$ cat entry.json   # JSON, C-alpha atoms
[["chain", "number", "residue", "atom", "x", "y", "z"],
["A", 17, "LEU", "CA", -96.71, -36.00, 1.79],
["A", 18, "ARG", "CA", -92.93, -35.83, 2.19],
["A", 19, "LYS", "CA", -92.49, -34.76, -1.44],
["A", 20, "VAL", "CA", -95.18, -32.10, -1.01],
["A", 21, "ALA", "CA", -93.40, -30.86, 2.12],
["A", 22, "ASP", "CA", -90.06, -30.75, 0.31],
["A", 23, "ASN", "CA", -91.60, -28.74, -2.55],
["A", 24, "MET", "CA", -93.17, -26.26, -0.14],
["A", 25, "PHE", "CA", -89.89, -25.88, 1.74],
["A", 26, "ASP", "CA", -88.07, -25.11, -1.53],
["A", 27, "GLU", "CA", -90.70, -22.54, -2.52],
["A", 28, "LEU", "CA", -90.51, -20.82, 0.87],
["A", 29, "LYS", "CA", -86.70, -20.65, 0.73],
["A", 30, "ASP", "CA", -86.78, -19.33, -2.84],
["A", 31, "MET", "CA", -89.04, -16.42, -1.83],
["A", 32, "GLY", "CA", -86.74, -15.55, 1.07],
["A", 33, "PHE", "CA", -89.08, -16.66, 3.85],
["A", 34, "PRO", "CA", -87.14, -17.50, 7.04],
["A", 35, "VAL", "CA", -88.00, -21.17, 7.21],
["A", 36, "ASN", "CA", -86.39, -24.31, 8.58],
["A", 37, "ALA", "CA", -87.34, -27.80, 7.50],
["A", 38, "PRO", "CA", -90.73, -28.79, 8.94],
["A", 39, "CYS", "CA", -90.74, -30.59, 12.26],
["A", 40, "ASP", "CA", -92.77, -33.69, 13.14],
["A", 41, "GLY", "CA", -96.22, -33.71, 11.61],
["A", 42, "PHE", "CA", -95.20, -31.42, 8.74],
["A", 43, "PHE", "CA", -95.50, -28.22, 10.76],
["A", 44, "TYR", "CA", -93.28, -25.21, 10.12],
["A", 45, "PHE", "CA", -92.28, -23.16, 13.17],
["A", 46, "CYS", "CA", -90.63, -19.93, 12.00],
["A", 47, "ASP", "CA", -89.15, -16.83, 13.56],
["A", 48, "ILE", "CA", -90.23, -14.06, 11.20],
["A", 49, "SER", "CA", -88.44, -11.16, 12.90],
["A", 50, "SER", "CA", -86.30, -10.68, 9.77],
["A", 51, "LEU", "CA", -89.46, -9.78, 7.81],
["A", 52, "GLY", "CA", -89.96, -6.55, 9.72],
["A", 53, "MET", "CA", -93.36, -7.47, 11.15],
["A", 54, "ASP", "CA", -94.51, -9.23, 14.28],
["A", 55, "ALA", "CA", -96.41, -12.49, 14.33],
["A", 56, "GLY", "CA", -99.78, -10.83, 14.92],
["A", 57, "THR", "CA", -99.39, -8.61, 11.87],
["A", 58, "PHE", "CA", -98.29, -11.51, 9.67],
["A", 59, "VAL", "CA", -101.16, -13.70, 10.87],
["A", 60, "SER", "CA", -103.67, -10.91, 10.23],
["A", 61, "LYS", "CA", -102.36, -10.33, 6.72],
["A", 62, "MET", "CA", -102.45, -14.05, 5.88],
["A", 63, "LYS", "CA", -105.98, -14.32, 7.30],
["A", 64, "SER", "CA", -107.09, -11.47, 5.01],
["A", 65, "HIS", "CA", -106.10, -13.78, 2.12],
["A", 66, "GLY", "CA", -108.05, -16.69, 3.63],
["A", 67, "TYR", "CA", -105.18, -18.64, 5.23],
["A", 68, "MET", "CA", -104.75, -19.54, 8.87],
["A", 69, "VAL", "CA", -101.35, -19.19, 10.50],
["A", 70, "ARG", "CA", -100.75, -19.66, 14.24],
["A", 71, "ASP", "CA", -99.36, -16.68, 16.17],
["A", 72, "CYS", "CA", -96.99, -18.33, 18.64],
["A", 73, "SER", "CA", -96.44, -15.27, 20.84],
["A", 74, "SER", "CA", -98.67, -16.93, 23.46],
["A", 75, "PHE", "CA", -95.92, -19.55, 23.88],
["A", 76, "GLY", "CA", -93.87, -17.00, 25.83],
["A", 77, "PRO", "CA", -91.72, -13.88, 25.41],
["A", 78, "ASP", "CA", -89.11, -15.72, 23.33],
["A", 79, "PHE", "CA", -91.73, -16.47, 20.66],
["A", 80, "THR", "CA", -93.16, -12.98, 19.97],
["A", 81, "ASN", "CA", -92.05, -13.15, 16.35],
["A", 82, "CYS", "CA", -92.82, -16.82, 15.71],
["A", 83, "VAL", "CA", -95.55, -18.38, 13.61],
["A", 84, "ARG", "CA", -96.60, -21.93, 12.83],
["A", 85, "PHE", "CA", -98.31, -23.42, 9.80],
["A", 86, "CYS", "CA", -98.41, -26.82, 8.15],
["A", 87, "VAL", "CA", -98.11, -28.57, 4.81],
["A", 88, "LYS", "CA", -101.37, -29.38, 3.06],
["A", 89, "ASP", "CA", -102.07, -30.71, -0.43],
["A", 90, "ASN", "CA", -100.43, -29.18, -3.52],
["A", 91, "GLU", "CA", -103.42, -27.03, -4.44],
["A", 92, "THR", "CA", -103.84, -25.56, -0.95],
["A", 93, "ASN", "CA", -100.09, -24.99, -0.65],
["A", 94, "ALA", "CA", -100.01, -23.14, -3.98],
["A", 95, "GLY", "CA", -102.69, -20.74, -2.76],
["A", 96, "PHE", "CA", -100.95, -20.33, 0.59],
["A", 97, "LEU", "CA", -97.66, -19.51, -1.14],
["A", 98, "ALA", "CA", -99.35, -17.01, -3.47],
["A", 99, "ALA", "CA", -100.91, -15.28, -0.46],
["A", 100, "MET", "CA", -97.55, -15.25, 1.31],
["A", 101, "ARG", "CA", -95.90, -13.60, -1.69],
["A", 102, "LYS", "CA", -98.51, -10.81, -1.53],
["A", 103, "VAL", "CA", -97.99, -10.38, 2.22],
["A", 104, "LEU", "CA", -94.22, -10.14, 1.76],
["A", 105, "GLU", "CA", -94.42, -7.46, -0.98]]
$ encode --input "entry.json" --output "structure tokens"
Amino acid sequence: LRKVADNMFDELKDMGFPVNAPCDGFFYFCDISSLGMDAGTFVSKMKSHGYMVRDCSSFGPDFTNCVRFCVKDNETNAGFLAAMRKVLE
């Protein structure tokens, strides 16, 4: 799973997504304010492509623009990344 996580991290960085290395359990926790949309909008757009992303604004006012998602298998990650590319267009 570590190699899968490393590949996903590289893909996210290459597309310009504001990502840090995943924390424990292979979760990504990202501040997406640089994308020009809030967490709720991003989550809604990803959901319209069939992918769940956690809106972390309920964690408190410092997390209004934060989302969380995790590494899955290669096939699921490929679809997730394709959906993310569409959302970021």
$ atom_distance --input "entry.json" --atom1 "CA of Gly56 in chain A" --atom2 "CA of Ala98 in chain A"
19.4 Å
$ closest_residue --input "entry.json" --among "A:Ala94, A:Met31, A:Phe43, A:Leu104" --to "Thr57 in chain A" --atoms "all atoms listed in the file"
A:Leu104
$ closest_residue --input "entry.json" --among "A:Cys46, A:Cys86, A:Ala99, A:Ala37" --to "Ser73 in chain A" --atoms "only C-alpha atoms"
A:Cys46
$ closest_residue --input "entry.json" --among "A:Arg18, A:Glu27, A:Phe96, A:Phe33" --to "Phe45 in chain A" --atoms "all atoms listed in the file"
A:Phe33
$ atom_distance --input "entry.json" --atom1 "CA of Lys61 in chain A" --atom2 "CA of Leu17 in chain A"
26.7 Å
$ residues_around --input "entry.json" --residues "Asp47 in chain A" --least-positions-apart "4" --cutoff "7 Å" --atoms "only C-alpha atoms" --output "list in words"
Pro34, Asn81, Cys82 and Val83 of chain A
$ write_last_selection --input "entry.json" --atoms "C-alpha atoms" --output "PDB file, keeping the file's coordinate frame"
ATOM      1  CA  PRO A  34     -87.140 -17.500   7.040  1.00  0.00           C
ATOM      2  CA  ASN A  81     -92.050 -13.150  16.350  1.00  0.00           C
ATOM      3  CA  CYS A  82     -92.820 -16.820  15.710  1.00  0.00           C
ATOM      4  CA  VAL A  83     -95.550 -18.380  13.610  1.00  0.00           C
TER       5      VAL A  83
END
$ closest_residue --input "entry.json" --among "A:Met53, A:Met62, A:Leu97, A:Val103" --to "Asp30 in chain A" --atoms "only C-alpha atoms"
A:Leu97
$ atom_distance --input "entry.json" --atom1 "CA of Lys102 in chain A" --atom2 "CA of Ser74 in chain A"
25.7 Å
$ closest_residue --input "entry.json" --among "A:Phe79, A:Phe42, A:Gly66, A:Gly32" --to "Asp54 in chain A" --atoms "only C-alpha atoms"
A:Phe79
$ residues_around --input "entry.json" --residues "Val87 in chain A" --least-positions-apart "3" --cutoff "8 Å" --atoms "only C-alpha atoms" --output "PyMOL selection string"
chain A and resi 20-21+24+42-44+93
$ axis_aligned_box --input "entry.json" --around "range 92-96 of chain A" --padding-each-side "8 Å" --output "JSON"
{"center_x": -101.9, "center_y": -22.9, "center_z": -1.7, "size_x": 19.8, "size_y": 21.2, "size_z": 20.6}
$ closest_residue --input "entry.json" --among "A:Val35, A:Val69, A:Val59, A:Leu51" --to "Phe85 in chain A" --atoms "all atoms listed in the file"
A:Val69
$ build_atoms --input "entry.json" --residues "range 58-92 of chain A" --atoms "N, CA and C atoms" --output "PDB file, keeping the file's coordinate frame"
ATOM      1  N   PHE A  58     -98.396 -10.508  10.739  1.00  0.00           N
ATOM      2  CA  PHE A  58     -98.290 -11.510   9.670  1.00  0.00           C
ATOM      3  C   PHE A  58     -99.537 -12.389   9.632  1.00  0.00           C
ATOM      4  N   VAL A  59     -99.977 -12.844  10.792  1.00  0.00           N
ATOM      5  CA  VAL A  59    -101.160 -13.700  10.870  1.00  0.00           C
ATOM      6  C   VAL A  59    -102.382 -12.966  10.327  1.00  0.00           C
ATOM      7  N   SER A  60    -102.541 -11.705  10.706  1.00  0.00           N
ATOM      8  CA  SER A  60    -103.670 -10.910  10.230  1.00  0.00           C
ATOM      9  C   SER A  60    -103.645 -10.748   8.716  1.00  0.00           C
ATOM     10  N   LYS A  61    -102.478 -10.495   8.166  1.00  0.00           N
ATOM     11  CA  LYS A  61    -102.360 -10.330   6.720  1.00  0.00           C
ATOM     12  C   LYS A  61    -102.656 -11.638   5.986  1.00  0.00           C
ATOM     13  N   MET A  62    -102.163 -12.757   6.509  1.00  0.00           N
ATOM     14  CA  MET A  62    -102.450 -14.050   5.880  1.00  0.00           C
ATOM     15  C   MET A  62    -103.941 -14.374   5.975  1.00  0.00           C
ATOM     16  N   LYS A  63    -104.543 -14.052   7.114  1.00  0.00           N
ATOM     17  CA  LYS A  63    -105.980 -14.320   7.300  1.00  0.00           C
ATOM     18  C   LYS A  63    -106.804 -13.511   6.302  1.00  0.00           C
ATOM     19  N   SER A  64    -106.345 -12.285   5.972  1.00  0.00           N
ATOM     20  CA  SER A  64    -107.090 -11.470   5.010  1.00  0.00           C
ATOM     21  C   SER A  64    -107.078 -12.100   3.622  1.00  0.00           C
ATOM     22  N   HIS A  65    -106.160 -13.040   3.385  1.00  0.00           N
ATOM     23  CA  HIS A  65    -106.100 -13.780   2.120  1.00  0.00           C
ATOM     24  C   HIS A  65    -106.751 -15.166   2.251  1.00  0.00           C
ATOM     25  N   GLY A  66    -107.321 -15.435   3.428  1.00  0.00           N
ATOM     26  CA  GLY A  66    -108.050 -16.690   3.630  1.00  0.00           C
ATOM     27  C   GLY A  66    -107.224 -17.844   4.163  1.00  0.00           C
ATOM     28  N   TYR A  67    -106.042 -17.563   4.730  1.00  0.00           N
ATOM     29  CA  TYR A  67    -105.180 -18.640   5.230  1.00  0.00           C
ATOM     30  C   TYR A  67    -104.872 -18.460   6.702  1.00  0.00           C
ATOM     31  N   MET A  68    -104.998 -19.555   7.431  1.00  0.00           N
ATOM     32  CA  MET A  68    -104.750 -19.540   8.870  1.00  0.00           C
ATOM     33  C   MET A  68    -103.280 -19.840   9.157  1.00  0.00           C
ATOM     34  N   VAL A  69    -102.706 -19.015  10.007  1.00  0.00           N
ATOM     35  CA  VAL A  69    -101.350 -19.190  10.500  1.00  0.00           C
ATOM     36  C   VAL A  69    -101.432 -18.971  12.008  1.00  0.00           C
ATOM     37  N   ARG A  70    -100.720 -19.770  12.776  1.00  0.00           N
ATOM     38  CA  ARG A  70    -100.750 -19.660  14.240  1.00  0.00           C
ATOM     39  C   ARG A  70     -99.744 -18.615  14.706  1.00  0.00           C
ATOM     40  N   ASP A  71    -100.209 -17.646  15.475  1.00  0.00           N
ATOM     41  CA  ASP A  71     -99.360 -16.680  16.170  1.00  0.00           C
ATOM     42  C   ASP A  71     -98.857 -17.374  17.424  1.00  0.00           C
ATOM     43  N   CYS A  72     -97.562 -17.581  17.522  1.00  0.00           N
ATOM     44  CA  CYS A  72     -96.990 -18.330  18.640  1.00  0.00           C
ATOM     45  C   CYS A  72     -96.509 -17.440  19.780  1.00  0.00           C
ATOM     46  N   SER A  73     -96.872 -16.164  19.763  1.00  0.00           N
ATOM     47  CA  SER A  73     -96.440 -15.270  20.840  1.00  0.00           C
ATOM     48  C   SER A  73     -97.001 -15.705  22.190  1.00  0.00           C
ATOM     49  N   SER A  74     -98.108 -16.440  22.197  1.00  0.00           N
ATOM     50  CA  SER A  74     -98.670 -16.930  23.460  1.00  0.00           C
ATOM     51  C   SER A  74     -97.809 -18.031  24.085  1.00  0.00           C
ATOM     52  N   PHE A  75     -96.822 -18.522  23.360  1.00  0.00           N
ATOM     53  CA  PHE A  75     -95.920 -19.550  23.880  1.00  0.00           C
ATOM     54  C   PHE A  75     -94.916 -18.982  24.871  1.00  0.00           C
ATOM     55  N   GLY A  76     -94.787 -17.651  24.914  1.00  0.00           N
ATOM     56  CA  GLY A  76     -93.870 -17.000  25.830  1.00  0.00           C
ATOM     57  C   GLY A  76     -93.119 -15.872  25.157  1.00  0.00           C
ATOM     58  N   PRO A  77     -92.397 -15.068  25.955  1.00  0.00           N
ATOM     59  CA  PRO A  77     -91.720 -13.880  25.410  1.00  0.00           C
ATOM     60  C   PRO A  77     -90.663 -14.182  24.356  1.00  0.00           C
ATOM     61  N   ASP A  78     -90.114 -15.360  24.336  1.00  0.00           N
ATOM     62  CA  ASP A  78     -89.110 -15.720  23.330  1.00  0.00           C
ATOM     63  C   ASP A  78     -89.725 -16.016  21.966  1.00  0.00           C
ATOM     64  N   PHE A  79     -91.056 -16.063  21.891  1.00  0.00           N
ATOM     65  CA  PHE A  79     -91.730 -16.470  20.660  1.00  0.00           C
ATOM     66  C   PHE A  79     -92.623 -15.374  20.076  1.00  0.00           C
ATOM     67  N   THR A  80     -92.359 -14.117  20.437  1.00  0.00           N
ATOM     68  CA  THR A  80     -93.160 -12.980  19.970  1.00  0.00           C
ATOM     69  C   THR A  80     -93.212 -12.892  18.455  1.00  0.00           C
ATOM     70  N   ASN A  81     -92.133 -13.263  17.805  1.00  0.00           N
ATOM     71  CA  ASN A  81     -92.050 -13.150  16.350  1.00  0.00           C
ATOM     72  C   ASN A  81     -92.129 -14.506  15.653  1.00  0.00           C
ATOM     73  N   CYS A  82     -92.752 -15.474  16.292  1.00  0.00           N
ATOM     74  CA  CYS A  82     -92.820 -16.820  15.710  1.00  0.00           C
ATOM     75  C   CYS A  82     -94.237 -17.155  15.251  1.00  0.00           C
ATOM     76  N   VAL A  83     -94.285 -17.896  14.159  1.00  0.00           N
ATOM     77  CA  VAL A  83     -95.550 -18.380  13.610  1.00  0.00           C
ATOM     78  C   VAL A  83     -95.425 -19.863  13.298  1.00  0.00           C
ATOM     79  N   ARG A  84     -96.581 -20.503  13.163  1.00  0.00           N
ATOM     80  CA  ARG A  84     -96.600 -21.930  12.830  1.00  0.00           C
ATOM     81  C   ARG A  84     -97.683 -22.168  11.775  1.00  0.00           C
ATOM     82  N   PHE A  85     -97.358 -23.006  10.827  1.00  0.00           N
ATOM     83  CA  PHE A  85     -98.310 -23.420   9.800  1.00  0.00           C
ATOM     84  C   PHE A  85     -97.885 -24.800   9.323  1.00  0.00           C
ATOM     85  N   CYS A  86     -98.734 -25.455   8.549  1.00  0.00           N
ATOM     86  CA  CYS A  86     -98.410 -26.820   8.150  1.00  0.00           C
ATOM     87  C   CYS A  86     -98.587 -27.041   6.645  1.00  0.00           C
ATOM     88  N   VAL A  87     -98.023 -28.128   6.202  1.00  0.00           N
ATOM     89  CA  VAL A  87     -98.110 -28.570   4.810  1.00  0.00           C
ATOM     90  C   VAL A  87     -99.497 -29.168   4.593  1.00  0.00           C
ATOM     91  N   LYS A  88    -100.087 -28.808   3.476  1.00  0.00           N
ATOM     92  CA  LYS A  88    -101.370 -29.380   3.060  1.00  0.00           C
ATOM     93  C   LYS A  88    -101.169 -30.071   1.717  1.00  0.00           C
ATOM     94  N   ASP A  89    -102.200 -30.141   0.917  1.00  0.00           N
ATOM     95  CA  ASP A  89    -102.070 -30.710  -0.430  1.00  0.00           C
ATOM     96  C   ASP A  89    -101.486 -29.663  -1.377  1.00  0.00           C
ATOM     97  N   ASN A  90    -101.081 -30.083  -2.564  1.00  0.00           N
ATOM     98  CA  ASN A  90    -100.430 -29.180  -3.520  1.00  0.00           C
ATOM     99  C   ASN A  90    -101.272 -27.958  -3.856  1.00  0.00           C
ATOM    100  N   GLU A  91    -102.562 -28.140  -4.075  1.00  0.00           N
ATOM    101  CA  GLU A  91    -103.420 -27.030  -4.440  1.00  0.00           C
ATOM    102  C   GLU A  91    -103.529 -25.996  -3.321  1.00  0.00           C
ATOM    103  N   THR A  92    -103.748 -26.456  -2.099  1.00  0.00           N
ATOM    104  CA  THR A  92    -103.840 -25.560  -0.950  1.00  0.00           C
ATOM    105  C   THR A  92    -102.501 -24.850  -0.720  1.00  0.00           C
TER     106      THR A  92
END
